[in-house]
file my_file25.txt (compact mmCIF, C-alpha atoms)
# COMPACT_ATOMS: atom_id res chain seq x y z
CA MET A 571 127.42 89.72 9.85
CA ILE A 572 129.02 88.07 12.82
CA ASP A 573 126.78 86.93 15.63
CA ARG A 574 128.27 88.86 18.51
CA ARG A 575 126.74 86.65 21.13
CA LYS A 576 129.76 85.61 23.15
CA PHE A 577 130.24 82.53 25.17
CA GLY A 578 131.94 84.73 27.75
CA LEU A 579 134.97 84.54 29.94
CA SER A 580 134.74 82.04 32.73
CA ALA A 581 134.81 83.71 36.12
CA MET A 582 136.72 80.72 37.39
CA GLY A 583 139.34 81.18 34.70
CA LEU A 584 139.79 84.83 35.58
CA ALA A 585 139.89 84.13 39.28
CA ALA A 586 142.78 81.73 38.76
CA SER A 587 144.95 84.61 37.57
CA VAL A 588 144.78 86.14 41.03
CA ALA A 589 146.58 83.12 42.46
CA LEU A 590 149.46 83.36 40.00
CA PRO A 591 151.88 86.13 40.99
CA SER A 592 153.94 85.65 37.83
CA ILE A 593 151.01 86.94 35.79
CA ARG A 594 150.50 89.93 38.02
CA ALA A 595 154.16 90.74 37.60
CA ARG A 596 153.63 90.96 33.84
CA SER A 597 150.34 92.85 33.77
CA GLN A 598 147.29 93.50 35.86
CA GLN A 599 145.00 91.82 33.35
CA PRO A 600 145.60 89.00 30.89
CA THR A 601 145.64 89.65 27.15
CA VAL A 602 142.29 88.31 25.97
CA PHE A 603 142.08 86.73 22.51
CA ARG A 604 138.68 86.86 20.80
CA VAL A 605 138.43 83.53 18.99
CA ALA A 606 136.05 83.05 16.05
CA ASN A 607 134.14 79.83 16.74
CA ALA A 608 132.91 78.40 13.43
CA ALA A 609 131.49 75.34 15.19
CA GLY A 610 128.62 77.59 16.20
CA ILE A 611 128.27 75.96 19.59
CA ASN A 612 130.34 75.92 22.75
CA ASP A 613 130.45 72.33 23.97
CA PRO A 614 133.16 69.82 24.89
CA GLN A 615 134.35 69.46 21.30
CA GLN A 616 136.32 72.56 22.34
CA ILE A 617 138.25 70.81 25.11
CA PHE A 618 141.47 70.90 23.09
CA SER A 619 141.47 74.63 23.81
CA THR A 620 139.41 75.01 26.97
CA ALA A 621 141.18 72.42 29.15
CA GLY A 622 144.02 74.82 29.87
CA ARG A 623 141.61 77.42 31.28
CA TYR A 624 140.66 75.13 34.15
CA PRO A 625 141.87 76.81 37.37
CA LYS A 626 143.83 73.78 38.59
CA LEU A 627 145.78 73.74 35.32
CA GLY A 628 146.10 77.44 34.48
CA PHE A 629 148.03 76.95 31.24
CA TYR A 630 146.77 80.23 29.78
CA GLN A 631 146.94 82.15 33.03
CA ALA A 632 150.60 81.19 33.39
CA GLU A 633 151.25 82.86 30.02
CA GLY A 634 149.33 86.02 30.89
CA VAL A 635 146.63 85.35 28.30
CA ASP A 636 143.00 84.26 28.12
CA PHE A 637 140.33 83.93 25.45
CA GLU A 638 136.64 84.20 24.71
CA PHE A 639 134.62 82.61 21.92
CA VAL A 640 132.73 84.68 19.34
CA ASN A 641 130.12 82.83 17.32
CA VAL A 642 130.53 82.85 13.52
CA ALA A 643 128.54 80.89 10.97
CA ASN A 644 131.38 79.19 9.09
CA PRO A 645 135.15 79.28 8.39
CA SER A 646 134.72 81.89 5.66
CA GLN A 647 133.12 84.30 8.10
CA GLY A 648 135.79 83.50 10.66
CA MET A 649 138.59 84.51 8.27
CA GLN A 650 136.84 87.77 7.49
CA SER A 651 136.35 88.49 11.18
CA VAL A 652 140.12 88.37 11.72
CA ALA A 653 140.73 90.54 8.67
CA THR A 654 138.37 93.22 10.00
CA GLY A 655 139.68 93.03 13.56
CA GLU A 656 136.44 91.74 15.04
CA THR A 657 138.31 88.68 16.31
CA ALA A 658 141.97 87.97 16.97
CA MET A 659 142.07 84.42 15.66
CA ALA A 660 140.08 82.02 13.50
CA SER A 661 140.44 78.57 12.00
CA LEU A 662 141.62 78.75 8.38
CA THR A 663 140.52 76.07 5.94
CA PRO A 664 143.37 76.01 3.38
CA GLN A 665 141.13 75.43 0.34
CA LEU A 666 139.21 78.60 1.25
CA PHE A 667 142.20 80.63 2.45
CA ILE A 668 144.58 80.05 -0.47
CA PRO A 669 142.32 81.50 -3.20
CA ILE A 670 141.76 84.61 -1.09
CA ILE A 671 145.51 85.25 -0.90
CA ALA A 672 145.91 84.52 -4.63
CA LYS A 673 143.28 87.14 -5.39
CA ASP A 674 144.36 89.66 -2.75
CA PRO A 675 147.96 89.29 -1.50
CA SER A 676 147.32 92.14 0.95
CA PHE A 677 144.69 90.12 2.83
CA PRO A 678 145.88 90.76 6.41
CA VAL A 679 145.71 87.22 7.82
CA ILE A 680 148.47 84.59 8.07
CA ALA A 681 148.38 80.94 9.14
CA THR A 682 150.34 80.60 12.36
CA TYR A 683 149.50 77.29 14.07
CA ASN A 684 148.46 73.97 12.50
CA TRP A 685 145.75 72.82 14.88
CA LEU A 686 144.33 70.06 12.65
CA PRO A 687 147.40 68.40 11.10
CA ARG A 688 145.28 65.51 9.80
CA ASN A 689 142.32 65.71 7.46
CA ALA A 690 139.09 66.09 9.42
CA SER A 691 136.70 66.23 6.46
CA ALA A 692 133.90 63.69 6.13
CA VAL A 693 131.45 62.57 3.46
CA ALA A 694 128.61 60.35 4.61
CA VAL A 695 125.59 58.54 3.15
CA LYS A 696 122.80 56.34 4.45
CA PRO A 697 124.10 52.83 5.25
CA GLU A 698 122.02 51.24 2.46
CA ALA A 699 122.82 53.91 -0.15
CA PRO A 700 124.27 52.62 -3.43
CA LEU A 701 127.03 55.27 -3.37
CA GLN A 702 130.36 53.64 -2.50
CA THR A 703 133.05 56.05 -3.70
CA ILE A 704 133.69 59.77 -4.01
CA ALA A 705 133.52 59.44 -7.80
CA ALA A 706 129.87 58.41 -7.48
CA LEU A 707 129.02 61.84 -6.01
CA ARG A 708 129.33 63.56 -9.39
CA GLY A 709 125.93 64.88 -10.40
CA LYS A 710 124.37 64.09 -7.02
CA ARG A 711 122.74 66.33 -4.40
CA ILE A 712 125.21 67.08 -1.60
CA GLY A 713 124.03 68.37 1.76
CA ILE A 714 126.28 71.01 3.31
CA ARG A 715 125.87 72.99 6.54
CA ASN A 716 125.53 76.34 4.78
CA GLN A 717 126.84 77.97 1.63
CA GLY A 718 129.96 79.31 3.37
CA ASP A 719 130.95 75.96 4.82
CA ILE A 720 133.56 73.59 3.40
CA GLY A 721 131.33 70.81 2.04
CA ARG A 722 131.32 72.12 -1.52
CA VAL A 723 135.14 72.46 -1.50
CA VAL A 724 135.61 68.99 -0.01
CA VAL A 725 133.60 67.28 -2.74
CA LYS A 726 134.95 69.37 -5.60
CA THR A 727 138.55 68.86 -4.44
CA MET A 728 138.26 65.09 -4.35
CA LEU A 729 136.44 64.88 -7.67
CA ARG A 730 139.22 66.93 -9.24
CA GLU A 731 141.79 64.55 -7.78
CA LEU A 732 139.97 61.76 -9.60
CA GLY A 733 140.04 63.69 -12.86
CA LEU A 734 136.37 64.64 -12.66
CA ASP A 735 134.53 67.93 -12.47
CA ASP A 736 131.38 68.45 -10.42
CA ALA A 737 129.09 69.19 -13.38
CA GLY A 738 125.48 68.68 -12.40
CA THR A 739 126.30 68.37 -8.70
CA GLU A 740 123.99 70.35 -6.41
CA TYR A 741 125.09 71.71 -3.03
CA ILE A 742 122.12 72.17 -0.73
CA ALA A 743 122.26 73.86 2.69
CA VAL A 744 120.75 71.46 5.25
CA GLY A 745 122.03 72.84 8.55
CA ASP A 746 123.37 70.72 11.39
CA GLY A 747 122.47 67.66 13.43
CA GLY A 748 118.92 66.41 13.13
CA GLY A 749 118.06 68.80 10.31
CA ALA A 750 120.90 67.46 8.17
CA GLY A 751 120.02 63.87 9.05
CA SER A 752 116.37 64.43 8.21
CA ALA A 753 117.30 65.89 4.81
CA LEU A 754 119.40 62.81 4.05
CA TYR A 755 116.83 60.29 5.27
CA HIS A 756 113.98 62.03 3.45
CA ASP A 757 116.01 61.83 0.21
CA GLN A 758 116.33 65.58 -0.15
CA VAL A 759 120.08 65.02 -0.56
CA ASP A 760 122.15 61.97 -1.50
CA ALA A 761 125.12 62.60 0.80
CA LEU A 762 126.43 64.94 3.48
CA ALA A 763 129.80 66.67 3.26
CA SER A 764 131.32 68.56 6.17
CA PHE A 765 133.71 68.09 9.08
CA ASP A 766 133.91 64.87 11.08
CA THR A 767 132.28 66.43 14.15
CA ALA A 768 129.38 67.83 12.11
CA CYS A 769 128.62 64.36 10.77
CA ALA A 770 128.98 62.95 14.28
CA ARG A 771 126.21 65.32 15.41
CA VAL A 772 123.96 63.82 12.74
CA GLU A 773 124.63 60.37 14.18
CA LEU A 774 123.97 61.63 17.69
CA ALA A 775 120.59 62.87 16.46
CA GLY A 776 119.73 59.25 15.67
CA PHE A 777 120.64 58.96 11.98
CA LYS A 778 123.03 56.14 11.08
CA LEU A 779 125.70 57.02 8.54
CA ARG A 780 128.23 55.22 6.39
CA TYR A 781 131.38 57.16 5.55
CA LEU A 782 132.97 57.21 2.10
CA PRO A 783 136.79 56.91 2.03
CA LEU A 784 138.54 60.18 1.22
CA THR A 785 140.74 60.28 -1.86
CA PRO A 786 144.45 59.63 -1.07
CA LYS A 787 146.02 63.02 -1.86
CA PHE A 788 143.27 64.95 -0.15
CA ALA A 789 143.30 62.63 2.88
CA ALA A 790 147.00 63.36 3.39
CA THR A 791 146.58 67.14 3.73
CA PRO A 792 146.11 69.12 6.96
CA SER A 793 142.60 70.41 7.63
CA GLY A 794 142.94 73.51 9.72
CA TYR A 795 145.27 76.26 10.82
CA PHE A 796 144.74 79.07 13.26
CA GLY A 797 145.24 82.39 11.57
CA PHE A 798 146.06 85.70 13.19
CA SER A 799 146.24 89.14 11.67
CA LYS A 800 149.66 89.98 10.30
CA ARG A 801 149.69 93.08 12.45
CA MET A 802 149.10 91.04 15.59
CA VAL A 803 151.88 88.58 14.64
CA SER A 804 154.20 91.58 14.37
CA GLU A 805 153.06 93.47 17.46
CA LYS A 806 151.93 90.71 19.84
CA ARG A 807 154.48 87.98 19.21
CA ARG A 808 155.02 87.13 22.89
CA GLU A 809 151.31 86.94 23.57
CA ILE A 810 150.66 84.73 20.53
CA ILE A 811 153.45 82.39 21.57
CA GLY A 812 152.00 82.21 25.07
CA PHE A 813 148.50 81.61 23.79
CA THR A 814 149.48 78.86 21.35
CA ARG A 815 151.85 77.23 23.86
CA ALA A 816 148.94 77.00 26.30
CA LEU A 817 146.79 75.69 23.44
CA ALA A 818 149.37 73.00 22.64
CA LYS A 819 149.46 71.91 26.28
CA SER A 820 145.66 71.89 26.41
CA THR A 821 145.45 69.76 23.27
CA ILE A 822 147.87 67.15 24.60
CA PHE A 823 146.12 67.13 27.97
CA ALA A 824 142.67 66.73 26.38
CA ARG A 825 143.83 63.96 24.04
CA THR A 826 145.22 62.08 27.04
CA ASN A 827 142.24 62.49 29.39
CA PRO A 828 139.13 63.55 27.43
CA GLU A 829 136.54 62.33 29.93
CA GLN A 830 137.96 64.50 32.68
CA CYS A 831 138.18 67.46 30.31
CA ILE A 832 134.51 67.13 29.36
CA GLN A 833 133.56 67.56 33.00
CA MET A 834 135.99 70.46 33.36
CA HIS A 835 134.44 72.17 30.33
CA TRP A 836 130.97 71.93 31.82
CA GLU A 837 132.23 73.40 35.10
CA MET A 838 133.77 76.38 33.32
CA TYR A 839 130.87 76.84 30.88
CA PRO A 840 127.76 75.70 32.78
CA GLU A 841 125.51 77.01 30.00
CA SER A 842 126.98 74.30 27.74
CA LYS A 843 125.86 71.50 30.04
CA PRO A 844 122.92 69.54 28.53
CA LYS A 845 119.59 70.13 30.24
CA SER A 846 117.50 67.34 28.72
CA LYS A 847 119.62 64.28 29.52
CA SER A 848 121.70 62.85 32.31
CA LEU A 849 125.35 63.78 32.58
CA ASP A 850 126.34 60.18 31.90
CA GLU A 851 124.32 60.18 28.68
CA ALA A 852 125.72 63.56 27.69
CA LYS A 853 129.28 62.49 28.44
CA ALA A 854 128.86 59.31 26.37
CA GLU A 855 127.62 61.41 23.45
CA MET A 856 130.53 63.80 23.74
CA MET A 857 133.01 60.94 23.87
CA PHE A 858 131.46 59.60 20.65
CA LEU A 859 131.84 62.99 18.99
CA LEU A 860 135.41 63.39 20.24
CA SER A 861 136.31 59.90 19.03
CA LYS A 862 135.86 61.26 15.50
CA ARG A 863 138.14 64.22 16.09
CA MET A 864 140.81 63.66 18.77
CA ASP A 865 143.41 61.93 16.61
CA HIS A 866 143.20 64.77 14.11
CA TRP A 867 144.54 67.16 16.74
CA MET A 868 147.89 65.37 16.71
CA PRO A 869 150.58 65.11 14.02
CA PRO A 870 150.46 61.80 12.11
CA ALA A 871 152.71 59.18 13.70
CA GLU A 872 154.73 58.88 10.49
CA ASN A 873 155.49 62.60 10.44
CA PRO A 874 159.12 63.12 11.55
CA ASP A 875 158.16 66.55 12.94
CA GLN A 876 155.99 65.97 16.00
CA ARG A 877 156.00 69.58 17.18
CA MET A 878 152.55 70.91 17.94
CA GLY A 879 151.39 73.43 15.37
CA ALA A 880 154.20 72.74 12.90
CA THR A 881 153.82 73.04 9.13
CA THR A 882 156.17 73.09 6.16
CA VAL A 883 156.57 74.59 2.71
CA ASP A 884 155.93 71.09 1.34
CA ASP A 885 152.56 71.01 3.16
CA TRP A 886 151.54 74.30 1.60
CA ASN A 887 152.82 73.41 -1.87
CA ALA A 888 150.64 70.29 -1.72
CA LEU A 889 147.68 72.36 -0.55
CA ILE A 890 148.24 74.90 -3.33
CA ALA A 891 148.42 72.11 -5.93
CA ILE A 892 145.17 70.56 -4.71
CA THR A 893 143.44 73.93 -4.51
CA SER A 894 144.64 74.75 -8.02
CA GLU A 895 142.92 71.61 -9.30
CA THR A 896 139.76 72.37 -7.35
CA ALA A 897 139.57 75.94 -8.61
CA GLY A 898 140.47 74.92 -12.15
CA ASP A 899 143.22 77.54 -12.05
CA PRO A 900 146.61 76.25 -13.28
CA GLN A 901 148.10 79.68 -12.53
CA LEU A 902 147.24 79.60 -8.83
CA ALA A 903 150.78 78.75 -7.69
CA ALA A 904 152.17 81.57 -9.82
CA LYS A 905 149.64 83.99 -8.35
CA ILE A 906 150.68 82.95 -4.83
CA GLY A 907 154.40 83.10 -5.57
CA ASP A 908 156.38 82.29 -2.44
CA PRO A 909 154.17 79.95 -0.34
CA LYS A 910 155.73 81.44 2.78
CA LYS A 911 153.43 84.42 2.38
CA LEU A 912 150.63 82.08 3.48
CA PHE A 913 152.12 80.99 6.80
CA THR A 914 154.76 81.54 9.42
CA SER A 915 156.68 78.89 11.36
CA ASP A 916 158.91 81.35 13.16
CA MET A 917 157.29 80.75 16.55
CA ILE A 918 156.93 76.96 16.53
CA ASP A 919 160.10 76.17 18.50
CA GLU A 920 159.11 78.64 21.21
CA ILE A 921 155.54 77.36 21.26
CA ASN A 922 156.88 73.86 21.91
CA ALA A 923 159.26 74.93 24.68
CA PHE A 924 157.66 72.75 27.34
CA ASP A 925 157.90 69.18 28.61
CA ARG A 926 155.37 67.24 26.57
CA GLU A 927 155.74 64.04 28.57
CA ALA A 928 155.15 65.95 31.78
CA ILE A 929 151.80 67.19 30.41
CA ILE A 930 150.84 63.61 29.50
CA ARG A 931 151.74 62.37 32.99
CA GLN A 932 149.81 65.25 34.54
CA ALA A 933 146.74 64.40 32.47
CA GLN A 934 146.92 60.71 33.30
CA ALA A 935 146.97 61.43 37.03
CA PHE A 936 144.64 64.43 37.08
CA LYS A 937 141.48 64.60 39.14
CA ALA A 938 139.45 67.79 39.14

call {"tool": "encode", "arguments": {"input": "my_file25.txt", "output": "C-alpha cells"}}
result
Amino acid sequence: MIDRRKFGLSAMGLAASVALPSIRARSQQPTVFRVANAAGINDPQQIFSTAGRYPKLGFYQAEGVDFEFVNVANPSQGMQSVATGETAMASLTPQLFIPIIAKDPSFPVIATYNWLPRNASAVAVKPEAPLQTIAALRGKRIGIRNQGDIGRVVVKTMLRELGLDDAGTEYIAVGDGGGAGSALYHDQVDALASFDTACARVELAGFKLRYLPLTPKFAATPSGYFGFSKRMVSEKRREIIGFTRALAKSTIFARTNPEQCIQMHWEMYPESKPKSKSLDEAKAEMMFLLSKRMDHWMPPAENPDQRMGATTVDDWNALIAITSETAGDPQLAAKIGDPKKLFTSDMIDEINAFDREAIIRQAQAFKA
C-alpha cells in the first residue's frame, strides 16, 4: 500500500505561475504530475528535479506543468503505483521492469526518459572486510533496504555475469542509514547492496564503507528510467514533453551548481531542512551524498548521443540479456519480442529542444 503522505506543492512554485502570462494563456492551472518517490525522503538528493521549480528559474511553470512527490517504499511499489493510476510517473529499474513485461505484455507502463544513464548501484563492505570482489559475495549475507528494493537483483545479476548463481546467499532487510550501518558493523550482514545514495547515507551516519567494483557488463548499463502510463503517453504527450524538458534543464542546472540548488531546495521544501545541525554541516553532508550521484545523471562522455533522457534498442537488448541471465530464463528475449515495447524515444528530440549551454551559463552565474 502506498504511503499517501505527500511532500506537497510548494506555494512558492505555484505563485511563480502567476507571473508567467504564457502559462495563463495555456490554462488557468498547471498540469500536476504525481511522482512516486522511491527514495522515501524529500531532501536535496532530489535537486535534479526540484531546481526547476524555484521561482527565479520557473522551468516547469514555463511549460505549464508542476509536480508533487508521493512516498513509496521501493521501485517495485513505484511501478505498480503508475500502473494503477495512483501516480503519473515513477523510476523504473530495468531488471525489475523487464520481467514484468515478459510476464504481462499488457502492463500499462512504458519507459520514457532515461534519468540515470550510468549505473548507480553500489555494493559496500566494512573497510577491513576480507571480501574484495563480487564473486566473494556468493553464499554471504547481503543487507538490502527492503525486500522490494534492488539489492537482491544487483548481486544476483553480477554473480550471473561471472558465471555463478547465488546459492546459499541470504538477502536480509536492514533499512536505511544508521540501521543498515549498524547491521553491517554488528556482523548481522557481510555486505550492503543498494543504490549509491543509500550507501552514502550509511556513511553519513558514521559508518565507513569500502566499495566493491561492479562487474564490467553490469557497470555499463543504465540504472533508471522514468516510466509513465501508456495512456498518459498517448493522451498527454505535450505535457510529458514539457515536464521532461523542464526536468532535463533542472538536471543540467543542478549538476552545474549543486550547492546553490541545495539551498533552493530547502527554501521550497522547508520541512526538508535539517533541524539538528547547522546549515553548513547539512550542506556538506548533502554535497557528499550528491558527489556519489551527480555524474550518473549525465550521459557517459564516450556516448555519442548526449541528449538528455535518450536510450536505444541496443541499451535495452543489453538490459534484456543481463536480466535473462539473472532470472535464469533463456527465453526472456523471446517473451519480450520487440524491445521497443519496453520504451519510447519518440519525444527525445522535442525534450532536448533548448539551449543546453545557456542553462549551464545560467547556473554558473546564478544567485538565489

call {"tool": "residues_around", "arguments": {"input": "my_file25.txt", "residues": "Ala824 of chain A", "least_positions_apart": "5", "cutoff": "12 Å", "atoms": "only C-alpha atoms", "output": "PyMOL selection string"}}
result
chain A and resi 614-624+627+817-819+829-835+857+860-861+863-865+867-868+929-930+932-934+936

call {"tool": "residues_near_point", "arguments": {"input": "my_file25.txt", "point": "(135.1, 87.9, 11.2)", "cutoff": "12 Å", "atoms": "only C-alpha atoms", "output": "count of residues only"}}
result
37

call {"tool": "closest_residue", "arguments": {"input": "my_file25.txt", "among": "A:Thr727, A:Thr682, A:Ser691, A:Thr663", "to": "Ala897 of chain A", "atoms": "all atoms listed in the file"}}
result
A:Thr727

call {"tool": "atom_distance", "arguments": {"input": "my_file25.txt", "atom1": "atom CA of Gln702 of chain A", "atom2": "atom CA of Asp760 of chain A"}}
result
11.7 Å

call {"tool": "residues_around", "arguments": {"input": "my_file25.txt", "residues": "segment 770-786 of chain A", "least_positions_apart": "4", "cutoff": "8 Å", "atoms": "all atoms listed in the file", "output": "list in words"}}
result
Ala692, Val693, Ala694, Val695, Lys696, Pro697, Gln702, Thr703, Ile704, Met728, Glu731, Leu732, Asp746, Gly747, Gly748, Ala750, Gly751, Ser752, Tyr755, Asp766, Ala790, Glu855, Phe858, Leu859 and Lys862 of chain A

call {"tool": "residues_near_point", "arguments": {"input": "my_file25.txt", "point": "(145.4, 85.2, -2.1)", "cutoff": "12 Å", "atoms": "all atoms listed in the file", "output": "number ranges by chain"}}
result
A: 664-680, 890, 893, 902-909, 911-913

call {"tool": "axis_aligned_box", "arguments": {"input": "my_file25.txt", "around": "segment 892-906 of chain A", "padding_each_side": "8 Å", "output": "AutoDock Vina command-line options"}}
result
--center_x 145.9 --center_y 77.3 --center_z -8.9 --size_x 28.6 --size_y 29.4 --size_z 24.8

call {"tool": "closest_residue", "arguments": {"input": "my_file25.txt", "among": "A:Gly745, A:Thr739, A:Lys847, A:Asp899", "to": "Gly718 of chain A", "atoms": "all atoms listed in the file"}}
result
A:Gly745

call {"tool": "residues_around", "arguments": {"input": "my_file25.txt", "residues": "Gly713 of chain A", "least_positions_apart": "4", "cutoff": "6 Å", "atoms": "all atoms listed in the file", "output": "list in words"}}
result
Tyr741, Ile742, Ala743, Val744, Val759, Ala761 and Leu762 of chain A

call {"tool": "residues_around", "arguments": {"input": "my_file25.txt", "residues": "segment 687-690 of chain A", "least_positions_apart": "6", "cutoff": "6 Å", "atoms": "all atoms listed in the file", "output": "ChimeraX atom specification"}}
result
/A:765-766,789,791-793,866,869

call {"tool": "atom_distance", "arguments": {"input": "my_file25.txt", "atom1": "atom CA of Ser764 of chain A", "atom2": "atom CA of Leu734 of chain A"}}
result
19.9 Å

call {"tool": "closest_residue", "arguments": {"input": "my_file25.txt", "among": "A:Val803, A:Ala888, A:Leu729, A:Val635", "to": "Gln599 of chain A", "atoms": "only C-alpha atoms"}}
result
A:Val635

call {"tool": "atom_distance", "arguments": {"input": "my_file25.txt", "atom1": "atom CA of Gly749 of chain A", "atom2": "atom CA of Ala854 of chain A"}}
result
21.6 Å

call {"tool": "closest_residue", "arguments": {"input": "my_file25.txt", "among": "A:Glu698, A:Asp757, A:Val723, A:Trp685", "to": "Arg711 of chain A", "atoms": "all atoms listed in the file"}}
result
A:Asp757

call {"tool": "closest_residue", "arguments": {"input": "my_file25.txt", "among": "A:Arg931, A:Gly812, A:Lys845, A:Leu686", "to": "Asn827 of chain A", "atoms": "all atoms listed in the file"}}
result
A:Arg931

call {"tool": "closest_residue", "arguments": {"input": "my_file25.txt", "among": "A:Thr767, A:Glu809, A:Lys853, A:Lys843", "to": "Pro828 of chain A", "atoms": "only C-alpha atoms"}}
result
A:Lys853
